[in-house]
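Working notes, structure below.
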Amino acid sequence: MTESAHSTTIAGWREWVALPSAGVPWIKAKLDTGARTSSVHAFDIEPLPAGPDGVERVRFRLHPWQKSAADIVTVECPVHDRRLVRSSSGHAEERIVVLMEVTLIGRTITAEMTLSNRDAMGFRMLIGRQALRQGFVVDPRRSFLGGRAPKPVRRQNRGAASP
């Protein structure tokens, strides 16, 4: 067995993370070792034609807050892949996969992210095994080891008005 080139960071089962390349400073994510790939809540997904470099692109919008449609962010990036993904309920669907930077507990990693409507889910983002194997261990007894978002952000995430 080869030794990892990076240290291990302990994370809780849920953490506040950032998506720096998408301009999202706060989004609450569930860390799920049962999921292979990460997923982010996306809607209005619009595949774009390949550019002069031959790379297909996609434009989508996301809601960073769990119980709110406020602060919609529009993201445009290259399509990394398309995959058949089976949900926890057993339903299979083809999803677009993009590469996104994720800042988790002060470390920025690149994660393969499937685009999926997560309106009915408890978290707008799920971080799966492929991203976590970049040096993270999940302690299922703990939460927010990277710290909590500021109180106005937490209130916004719950759908409450900021003071």
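Residue names in the structure tokens use chain letters A, B, ... in the order shown, residue numbers from 1 in each chain, and ligand numbers from 1 in the order shown.
For stretch 67-73 of chain A, the list of residues within 7 Å, based on only C-alpha atoms and with local chain neighbours fewer than 2 positions off taken out, reads Arg61, Leu62, His63, Trp65, Val75, Asn157, Arg158 and Gly159 of chain A.
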Write out, as a CSV table (one decimal), in the first residue's frame, the residues just selected, with N, CA and C atoms.
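Result file follows (out03.csv):
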```csv
chain,number,residue,atom,x,y,z
A,61,ARG,N,-28.0,26.9,-13.2
A,61,ARG,CA,-28.2,27.8,-12.1
A,61,ARG,C,-28.3,26.9,-10.8
A,62,LEU,N,-27.9,27.5,-9.7
A,62,LEU,CA,-28.0,26.8,-8.5
A,62,LEU,C,-28.5,27.7,-7.4
A,63,HIS,N,-29.2,27.1,-6.4
A,63,HIS,CA,-29.6,27.8,-5.2
A,63,HIS,C,-28.7,27.4,-4.1
A,65,TRP,N,-29.0,28.1,-0.9
A,65,TRP,CA,-29.7,28.0,0.4
A,65,TRP,C,-30.7,26.8,0.3
A,75,VAL,N,-23.8,29.4,-13.4
A,75,VAL,CA,-22.4,28.9,-13.6
A,75,VAL,C,-22.3,28.4,-15.0
A,157,ASN,N,-29.9,30.3,5.1
A,157,ASN,CA,-30.0,28.9,4.7
A,157,ASN,C,-31.3,28.3,5.2
A,158,ARG,N,-31.8,28.7,6.4
A,158,ARG,CA,-33.0,28.1,6.9
A,158,ARG,C,-34.3,28.8,6.4
A,159,GLY,N,-34.1,29.8,5.5
A,159,GLY,CA,-35.2,30.5,4.9
A,159,GLY,C,-35.7,31.6,5.7
```
Checklist entry - Hey, what's within 12 Å of A:Glu76 if we count only C-alpha atoms and toss same-chain stuff fewer than 2 positions away? As a PyMOL selection string, please? => result chain A and resi 21-23+42+44-48+56-62+73-74+78-79+98-100
Now that the selection is made, can you save its residues with C-alpha atoms as a PDB file, in the first residue's frame?
```pdb
ATOM      1  CA  SER A  21     -14.922  28.937  -9.018  1.00  0.00           C
ATOM      2  CA  ALA A  22     -18.716  29.353  -8.961  1.00  0.00           C
ATOM      3  CA  GLY A  23     -18.602  32.373  -6.644  1.00  0.00           C
ATOM      4  CA  ALA A  42     -28.659  22.497 -10.343  1.00  0.00           C
ATOM      5  CA  ASP A  44     -32.128  25.288 -15.817  1.00  0.00           C
ATOM      6  CA  ILE A  45     -29.348  22.987 -17.061  1.00  0.00           C
ATOM      7  CA  GLU A  46     -28.492  24.069 -20.610  1.00  0.00           C
ATOM      8  CA  PRO A  47     -25.920  22.128 -22.646  1.00  0.00           C
ATOM      9  CA  LEU A  48     -23.985  24.550 -24.859  1.00  0.00           C
ATOM     10  CA  GLU A  56     -18.722  20.952 -24.777  1.00  0.00           C
ATOM     11  CA  ARG A  57     -19.901  23.394 -22.123  1.00  0.00           C
ATOM     12  CA  VAL A  58     -22.914  23.619 -19.837  1.00  0.00           C
ATOM     13  CA  ARG A  59     -24.708  26.499 -18.166  1.00  0.00           C
ATOM     14  CA  PHE A  60     -26.785  25.922 -15.049  1.00  0.00           C
ATOM     15  CA  ARG A  61     -28.175  27.781 -12.097  1.00  0.00           C
ATOM     16  CA  LEU A  62     -28.013  26.799  -8.461  1.00  0.00           C
ATOM     17  CA  VAL A  73     -25.943  31.721  -9.015  1.00  0.00           C
ATOM     18  CA  THR A  74     -25.409  31.066 -12.729  1.00  0.00           C
ATOM     19  CA  PRO A  78     -16.866  22.601 -19.454  1.00  0.00           C
ATOM     20  CA  VAL A  79     -18.653  19.247 -19.421  1.00  0.00           C
ATOM     21  CA  VAL A  98     -18.458  18.927 -14.275  1.00  0.00           C
ATOM     22  CA  LEU A  99     -15.238  19.590 -12.365  1.00  0.00           C
ATOM     23  CA  MET A 100     -15.664  22.125  -9.560  1.00  0.00           C
TER      24      MET A 100
END
```
Next on the checklist: To test your reading of the structure, identify every residue in chain A that backbone DSSP assigns to strand (DSSP E), and report it as a PyMOL selection string.
Outcome noted: chain A and resi 9-12+14-19+24-31+38-41+43-48+57-62+73-78+81-86+92-104+107-116+125-127+136-139
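The nearest approach to A:Arg82 among the residues A:Ser39, A:Thr114, A:Gln134, A:Ser143, with only C-alpha atoms taken into account, belongs to A:Thr114.
Within 9 Å of A:Ala149, once only C-alpha atoms are used and residues closer than 5 positions along the same chain are dropped, the contacting residues are Trp16, Val17, Trp26, Ile27, Lys28 and Arg154 of chain A.
With atom CA of A:Asp119 on one side and atom CA of A:Gly34 on the other, the separation reads 20.1 Å.
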Next on the checklist: Using DSSP secondary structure from the backbone, list all helix (DSSP H, G or I) positions within chain A, as a ChimeraX atom specification.
Outcome noted: /A:20-22,129-132,151-157
How about saving the chosen residues, N, CA, C and O atoms kept, as a JSON list (two decimals), in the first residue's frame?
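Just written: result02.json:
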```
[["chain", "number", "residue", "atom", "x", "y", "z"],
["A", 20, "PRO", "N", -15.52, 28.09, -4.82],
["A", 20, "PRO", "CA", -14.87, 29.35, -5.23],
["A", 20, "PRO", "C", -14.98, 29.65, -6.72],
["A", 20, "PRO", "O", -15.20, 30.81, -7.09],
["A", 21, "SER", "N", -14.86, 28.66, -7.58],
["A", 21, "SER", "CA", -14.92, 28.94, -9.02],
["A", 21, "SER", "C", -16.34, 29.31, -9.46],
["A", 21, "SER", "O", -16.52, 29.90, -10.52],
["A", 22, "ALA", "N", -17.34, 28.99, -8.65],
["A", 22, "ALA", "CA", -18.72, 29.35, -8.96],
["A", 22, "ALA", "C", -19.14, 30.62, -8.23],
["A", 22, "ALA", "O", -20.26, 31.10, -8.43],
["A", 129, "ARG", "N", -17.40, 9.88, -2.14],
["A", 129, "ARG", "CA", -16.11, 9.23, -1.86],
["A", 129, "ARG", "C", -14.97, 9.72, -2.72],
["A", 129, "ARG", "O", -13.84, 9.85, -2.24],
["A", 130, "GLN", "N", -15.21, 9.93, -4.02],
["A", 130, "GLN", "CA", -14.10, 10.35, -4.89],
["A", 130, "GLN", "C", -13.47, 11.65, -4.41],
["A", 130, "GLN", "O", -12.25, 11.80, -4.45],
["A", 131, "ALA", "N", -14.27, 12.59, -3.97],
["A", 131, "ALA", "CA", -13.72, 13.85, -3.45],
["A", 131, "ALA", "C", -13.09, 13.64, -2.08],
["A", 131, "ALA", "O", -12.02, 14.16, -1.80],
["A", 132, "LEU", "N", -13.74, 12.85, -1.24],
["A", 132, "LEU", "CA", -13.25, 12.65, 0.12],
["A", 132, "LEU", "C", -11.93, 11.90, 0.16],
["A", 132, "LEU", "O", -11.13, 12.09, 1.08],
["A", 151, "LYS", "N", -23.82, 33.81, 11.40],
["A", 151, "LYS", "CA", -25.24, 33.67, 11.76],
["A", 151, "LYS", "C", -26.20, 34.16, 10.67],
["A", 151, "LYS", "O", -27.18, 33.48, 10.37],
["A", 152, "PRO", "N", -25.96, 35.31, 10.03],
["A", 152, "PRO", "CA", -26.90, 35.73, 8.97],
["A", 152, "PRO", "C", -26.96, 34.72, 7.81],
["A", 152, "PRO", "O", -28.00, 34.51, 7.20],
["A", 153, "VAL", "N", -25.84, 34.07, 7.51],
["A", 153, "VAL", "CA", -25.81, 33.06, 6.45],
["A", 153, "VAL", "C", -26.61, 31.83, 6.88],
["A", 153, "VAL", "O", -27.39, 31.28, 6.10],
["A", 154, "ARG", "N", -26.45, 31.42, 8.13],
["A", 154, "ARG", "CA", -27.21, 30.26, 8.62],
["A", 154, "ARG", "C", -28.71, 30.56, 8.61],
["A", 154, "ARG", "O", -29.52, 29.70, 8.27],
["A", 155, "ARG", "N", -29.08, 31.77, 8.97],
["A", 155, "ARG", "CA", -30.50, 32.15, 8.95],
["A", 155, "ARG", "C", -31.03, 32.13, 7.51],
["A", 155, "ARG", "O", -32.13, 31.66, 7.26],
["A", 156, "GLN", "N", -30.24, 32.65, 6.59],
["A", 156, "GLN", "CA", -30.62, 32.64, 5.17],
["A", 156, "GLN", "C", -30.82, 31.21, 4.69],
["A", 156, "GLN", "O", -31.75, 30.91, 3.97],
["A", 157, "ASN", "N", -29.95, 30.31, 5.11],
["A", 157, "ASN", "CA", -30.02, 28.91, 4.70],
["A", 157, "ASN", "C", -31.29, 28.25, 5.23],
["A", 157, "ASN", "O", -31.82, 27.34, 4.60]]
```
Item to check | Nearest residue to A:Glu112 from the set A:Asp81, A:Asp32, A:Asp53, A:Arg148 (distances using only C-alpha atoms) | outcome: A:Asp81
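By chain and then residue number, the residues within 10 Å of A:Glu93 are Arg83, Leu84, Val85, Arg86, Ser87, Gly90, Ile96 and Ser116 of chain A, counting only C-alpha atoms and disregarding those fewer than 3 positions away in sequence.
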Item to check | Non-local contacts of A:Thr103 (7 Å; only C-alpha atoms; under 6 positions in same chain excluded) as a PyMOL selection string | outcome: chain A and resi 17-19+109
Can those selected residues be exported to a file as a PDB file, in the first residue's frame so that it contains C-alpha atoms?
```pdb
ATOM      1  CA  VAL A  17     -18.155  24.509   2.161  1.00  0.00           C
ATOM      2  CA  ALA A  18     -17.413  27.026  -0.596  1.00  0.00           C
ATOM      3  CA  LEU A  19     -17.482  26.690  -4.383  1.00  0.00           C
ATOM      4  CA  ILE A 109      -9.882  20.298  -3.944  1.00  0.00           C
TER       5      ILE A 109
END
```
Checklist entry - Leaving out A:Ile127 and any residue of its chain fewer than 6 positions from it, which residues lie within 9 Å of it when counting only C-alpha atoms, given as a PyMOL selection string? => result chain A and resi 29-33+35-40+111+113
Residue selection dump (N, CA, C and O atoms) as a CSV table (one decimal), in the first residue's frame:
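The resulting result.csv:
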```csv
chain,number,residue,atom,x,y,z
A,29,ALA,N,-23.1,21.2,3.0
A,29,ALA,CA,-23.0,19.9,2.2
A,29,ALA,C,-23.1,18.8,3.2
A,29,ALA,O,-22.6,18.8,4.3
A,30,LYS,N,-23.6,17.7,2.7
A,30,LYS,CA,-23.6,16.4,3.4
A,30,LYS,C,-22.4,15.6,2.9
A,30,LYS,O,-22.3,15.5,1.7
A,31,LEU,N,-21.6,15.1,3.7
A,31,LEU,CA,-20.5,14.2,3.3
A,31,LEU,C,-21.0,12.8,3.4
A,31,LEU,O,-21.3,12.3,4.4
A,32,ASP,N,-21.0,12.2,2.2
A,32,ASP,CA,-21.7,10.9,2.1
A,32,ASP,C,-20.7,9.8,1.5
A,32,ASP,O,-20.4,9.8,0.3
A,33,THR,N,-20.1,9.0,2.4
A,33,THR,CA,-19.2,7.9,2.0
A,33,THR,C,-19.9,6.8,1.2
A,33,THR,O,-19.2,6.0,0.6
A,35,ALA,N,-21.9,7.5,-1.3
A,35,ALA,CA,-22.1,8.0,-2.7
A,35,ALA,C,-20.7,8.1,-3.4
A,35,ALA,O,-19.7,8.5,-2.8
A,36,ARG,N,-20.6,7.6,-4.6
A,36,ARG,CA,-19.3,7.6,-5.3
A,36,ARG,C,-19.0,9.1,-5.7
A,36,ARG,O,-17.9,9.5,-5.5
A,37,THR,N,-19.9,9.7,-6.4
A,37,THR,CA,-19.6,11.0,-7.0
A,37,THR,C,-20.4,12.1,-6.2
A,37,THR,O,-21.4,11.9,-5.6
A,38,SER,N,-19.8,13.3,-6.2
A,38,SER,CA,-20.5,14.4,-5.5
A,38,SER,C,-21.6,15.0,-6.4
A,38,SER,O,-21.6,14.7,-7.6
A,39,SER,N,-22.5,15.7,-5.8
A,39,SER,CA,-23.6,16.3,-6.5
A,39,SER,C,-24.0,17.6,-6.0
A,39,SER,O,-23.8,17.9,-4.8
A,40,VAL,N,-24.4,18.5,-6.9
A,40,VAL,CA,-24.8,19.8,-6.4
A,40,VAL,C,-26.2,20.1,-7.1
A,40,VAL,O,-26.5,19.7,-8.1
A,111,ALA,N,-13.4,18.4,-7.5
A,111,ALA,CA,-14.3,17.3,-7.4
A,111,ALA,C,-15.1,17.2,-8.6
A,111,ALA,O,-15.6,18.1,-9.2
A,113,MET,N,-18.5,16.6,-10.1
A,113,MET,CA,-19.8,17.0,-9.5
A,113,MET,C,-20.9,16.7,-10.5
A,113,MET,O,-20.9,17.2,-11.7
```
Checklist entry - Pick the closest to A:Gln66 from A:Gly128, A:His41, A:Pro140, A:Leu104: which is it, counting only C-alpha atoms? => result A:His41
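The interatomic distance for the pair atom CA of A:Asn117 and atom CA of A:Pro25 works out to 20.2 Å.
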Next on the checklist: To one decimal place in Å, what is the distance between atom CA of A:Val102 and atom CA of A:Ser89?
Outcome noted: 26.3 Å
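Distances to A:Arg118 were evaluated for A:Ile105, A:Val97, A:Pro64, A:Cys77 using only C-alpha atoms, and the minimum falls at A:Pro64.
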